[in-house]
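Asks: Supplied in structure tokens, the structure appears directly below.
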Amino acid sequence: LERLGHTPTHRRPFRLADGSVVEMGLCQVTLRIGEENSIVSCVFGDNQSEALLGATALEKFGLGVDPVNHTLVPIVMNLLGFSPEAHAY
């Protein structure tokens with residue numbers, strides 16, 4: 001990220017697979033997939049970290065993961081609302 005001219009603007013804690021918590025830098029970057037651009041949060045990992053596309057970035061582009069074919073696939077987005085009156089006790 002830094003080689004592309006990005007620097008962290010803030011830091012947040014993240015829980016790793018082993019249960020430990022580390023604080024990492026984040027910034028907003030423009031990501032392009034195909035012909036579509038969107039601004040997404042990007043986490044700065046260490047030099048050994050693999051680059052990965054997170055759930056929020058996938059959602060912004062309306063994509064899901066096909067684990068069998070190892071591809072990204074278009075998904076139907078959910079447009080759900082919340083009405084306090086409908087959930088009154």
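Labels used: A, B, ... for chains in the order of the structure tokens, numbers from 1 for residues in each chain, and numbers from 1 for ligands as shown.
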Using only C-alpha atoms, which protein or nucleic acid residues come within 12 Å of A:Leu16? Drop anything in the same chain fewer than 6 positions from it, and give the result as a compact mmCIF listing (two decimals) with C-alpha atoms, in the first residue's frame.
Replies:
# COMPACT_ATOMS: atom_id res chain seq x y z
CA VAL A 22 -3.28 -6.72 17.09
CA GLU A 23 -3.67 -3.07 16.20
CA MET A 24 -3.33 -2.26 12.51
CA GLY A 45 -0.62 -5.80 7.19
CA SER A 49 0.57 -10.78 5.20
Asks: Which residues are near A:Arg32? Cut-off 12 Å, only C-alpha atoms, ignore same chain within fewer than 2 positions. Put them as a list of chain:residue names.
Replies: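 The residues satisfying every condition are A:Val29, A:Thr30, A:Gly34, A:Glu35, A:Glu36, A:Asn37, A:Ser38, A:Ile39, A:Val40, A:Leu53, A:Ala57, A:Leu58, A:Lys60, A:Phe61.
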Asks: Could you pull out the residues in chain A that DSSP calls helix (DSSP H, G or I) from the backbone, as a list of chain:residue names?
Replies: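 Selection result, helix (DSSP H, G or I) within chain A: A:Glu2, A:Arg3, A:Leu4, A:Ala55, A:Thr56, A:Ala57, A:Leu58, A:Glu59, A:Lys60, A:Pro84, A:Glu85, A:Ala86, A:His87.
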Asks: I'd like the interatomic distance between atom CA of A:Gln48 and atom CA of A:Leu4, to a tenth of an Å.
Replies: 17.5 Å
Asks: Need to verify the contact set: A:Phe44, 12 Å, only C-alpha atoms, exclusion of same-chain residues closer than 4 positions in sequence. Can you return it as a PyMOL selection string?
Replies: chain A and resi 1-3+6-14+22-29+48-52
Asks: Please indicate the distance in Å from atom CA of A:Gly5 to atom CA of A:Cys42, rounded to one decimal place.
Replies: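 The value is 12.9 Å.
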Asks: Run DSSP on the backbone and give me the residues of chain A it puts in strand (DSSP E), as a PyMOL selection string.
Replies: chain A and resi 10-15+21-33+36-43+63-66+71-74
Asks: Could you write out that same residue set with N, CA, C and O atoms as a tab-separated table (two decimals), in the first residue's frame?
Replies:
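Below you can see again.tsv, which holds the result:
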chain	number	residue	atom	x	y	z
A	10	HIS	N	-5.71	5.97	10.40
A	10	HIS	CA	-6.14	5.64	11.76
A	10	HIS	C	-5.82	4.17	12.03
A	10	HIS	O	-5.38	3.45	11.14
A	11	ARG	N	-5.99	3.76	13.29
A	11	ARG	CA	-5.68	2.40	13.69
A	11	ARG	C	-6.88	1.77	14.39
A	11	ARG	O	-7.65	2.46	15.04
A	12	ARG	N	-7.01	0.45	14.24
A	12	ARG	CA	-8.09	-0.29	14.88
A	12	ARG	C	-7.55	-1.65	15.33
A	12	ARG	O	-6.64	-2.21	14.73
A	13	PRO	N	-8.16	-2.22	16.40
A	13	PRO	CA	-7.77	-3.58	16.83
A	13	PRO	C	-8.43	-4.64	15.95
A	13	PRO	O	-9.59	-4.48	15.55
A	14	PHE	N	-7.71	-5.72	15.66
A	14	PHE	CA	-8.21	-6.85	14.89
A	14	PHE	C	-7.88	-8.13	15.63
A	14	PHE	O	-6.78	-8.29	16.14
A	15	ARG	N	-8.85	-9.05	15.67
A	15	ARG	CA	-8.61	-10.36	16.27
A	15	ARG	C	-8.13	-11.31	15.19
A	15	ARG	O	-8.74	-11.43	14.14
A	21	VAL	N	-5.04	-10.31	19.60
A	21	VAL	CA	-5.52	-9.04	19.08
A	21	VAL	C	-4.33	-8.17	18.74
A	21	VAL	O	-3.41	-8.02	19.55
A	22	VAL	N	-4.35	-7.62	17.52
A	22	VAL	CA	-3.28	-6.72	17.09
A	22	VAL	C	-3.91	-5.43	16.58
A	22	VAL	O	-5.05	-5.44	16.11
A	23	GLU	N	-3.19	-4.34	16.70
A	23	GLU	CA	-3.67	-3.07	16.20
A	23	GLU	C	-3.02	-2.82	14.85
A	23	GLU	O	-1.80	-2.96	14.70
A	24	MET	N	-3.84	-2.46	13.86
A	24	MET	CA	-3.33	-2.26	12.51
A	24	MET	C	-3.83	-0.94	11.95
A	24	MET	O	-4.90	-0.45	12.32
A	25	GLY	N	-3.07	-0.38	11.02
A	25	GLY	CA	-3.44	0.86	10.37
A	25	GLY	C	-4.43	0.63	9.25
A	25	GLY	O	-4.45	-0.43	8.62
A	26	LEU	N	-5.26	1.63	9.00
A	26	LEU	CA	-6.24	1.59	7.91
A	26	LEU	C	-6.24	2.91	7.16
A	26	LEU	O	-5.83	3.95	7.69
A	27	CYS	N	-6.72	2.85	5.93
A	27	CYS	CA	-6.99	4.05	5.15
A	27	CYS	C	-8.08	3.73	4.14
A	27	CYS	O	-8.44	2.57	3.96
A	28	GLN	N	-8.61	4.74	3.51
A	28	GLN	CA	-9.61	4.57	2.46
A	28	GLN	C	-8.88	4.63	1.11
A	28	GLN	O	-8.07	5.53	0.88
A	29	VAL	N	-9.16	3.67	0.23
A	29	VAL	CA	-8.55	3.65	-1.09
A	29	VAL	C	-9.63	3.41	-2.14
A	29	VAL	O	-10.68	2.85	-1.85
A	30	THR	N	-9.36	3.85	-3.35
A	30	THR	CA	-10.25	3.55	-4.46
A	30	THR	C	-9.84	2.21	-5.04
A	30	THR	O	-8.68	2.01	-5.41
A	31	LEU	N	-10.78	1.29	-5.10
A	31	LEU	CA	-10.54	-0.05	-5.63
A	31	LEU	C	-11.33	-0.20	-6.92
A	31	LEU	O	-12.48	0.22	-7.00
A	32	ARG	N	-10.69	-0.79	-7.91
A	32	ARG	CA	-11.37	-1.03	-9.18
A	32	ARG	C	-11.44	-2.53	-9.44
A	32	ARG	O	-10.44	-3.24	-9.35
A	33	ILE	N	-12.65	-3.01	-9.72
A	33	ILE	CA	-12.87	-4.39	-10.14
A	33	ILE	C	-13.65	-4.30	-11.44
A	33	ILE	O	-14.76	-3.79	-11.46
A	36	GLU	N	-15.84	-1.09	-12.58
A	36	GLU	CA	-16.46	-0.40	-11.44
A	36	GLU	C	-15.41	0.03	-10.42
A	36	GLU	O	-14.49	-0.72	-10.11
A	37	ASN	N	-15.56	1.26	-9.90
A	37	ASN	CA	-14.70	1.80	-8.86
A	37	ASN	C	-15.51	2.02	-7.59
A	37	ASN	O	-16.69	2.41	-7.67
A	38	SER	N	-14.88	1.79	-6.44
A	38	SER	CA	-15.53	2.07	-5.17
A	38	SER	C	-14.46	2.40	-4.13
A	38	SER	O	-13.33	1.91	-4.23
A	39	ILE	N	-14.82	3.20	-3.15
A	39	ILE	CA	-13.89	3.52	-2.06
A	39	ILE	C	-14.11	2.48	-0.96
A	39	ILE	O	-15.24	2.27	-0.52
A	40	VAL	N	-13.02	1.84	-0.54
A	40	VAL	CA	-13.08	0.79	0.47
A	40	VAL	C	-12.05	1.03	1.55
A	40	VAL	O	-11.06	1.71	1.33
A	41	SER	N	-12.29	0.45	2.73
A	41	SER	CA	-11.29	0.48	3.80
A	41	SER	C	-10.22	-0.54	3.49
A	41	SER	O	-10.51	-1.65	3.05
A	42	CYS	N	-8.98	-0.17	3.73
A	42	CYS	CA	-7.86	-1.05	3.45
A	42	CYS	C	-7.00	-1.15	4.71
A	42	CYS	O	-6.68	-0.14	5.33
A	43	VAL	N	-6.66	-2.37	5.10
A	43	VAL	CA	-5.88	-2.63	6.31
A	43	VAL	C	-4.42	-2.85	5.93
A	43	VAL	O	-4.12	-3.59	5.01
A	63	LEU	N	-20.48	-8.69	-5.00
A	63	LEU	CA	-19.83	-9.94	-5.34
A	63	LEU	C	-19.85	-10.92	-4.18
A	63	LEU	O	-19.84	-10.52	-3.02
A	64	GLY	N	-19.87	-12.18	-4.50
A	64	GLY	CA	-19.74	-13.25	-3.53
A	64	GLY	C	-18.62	-14.18	-3.98
A	64	GLY	O	-18.10	-14.07	-5.09
A	65	VAL	N	-18.26	-15.11	-3.12
A	65	VAL	CA	-17.18	-16.04	-3.41
A	65	VAL	C	-17.76	-17.40	-3.79
A	65	VAL	O	-18.62	-17.93	-3.09
A	66	ASP	N	-17.29	-17.94	-4.91
A	66	ASP	CA	-17.61	-19.32	-5.30
A	66	ASP	C	-16.43	-20.17	-4.86
A	66	ASP	O	-15.40	-20.19	-5.52
A	71	THR	N	-13.70	-18.40	-7.70
A	71	THR	CA	-13.97	-17.19	-8.46
A	71	THR	C	-14.90	-16.28	-7.67
A	71	THR	O	-15.52	-16.69	-6.70
A	72	LEU	N	-14.97	-15.04	-8.11
A	72	LEU	CA	-15.96	-14.09	-7.58
A	72	LEU	C	-17.16	-14.12	-8.51
A	72	LEU	O	-17.01	-14.17	-9.74
A	73	VAL	N	-18.35	-14.09	-7.92
A	73	VAL	CA	-19.58	-14.16	-8.71
A	73	VAL	C	-20.53	-13.04	-8.29
A	73	VAL	O	-20.56	-12.64	-7.12
A	74	PRO	N	-21.30	-12.51	-9.24
A	74	PRO	CA	-22.29	-11.48	-8.89
A	74	PRO	C	-23.35	-12.08	-7.96
A	74	PRO	O	-23.73	-13.24	-8.11
Asks: What is the atom CA of A:Val76-atom CA of A:Ala17 distance in Å, reported with one decimal?
Replies: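 It comes out at 29.3 Å.
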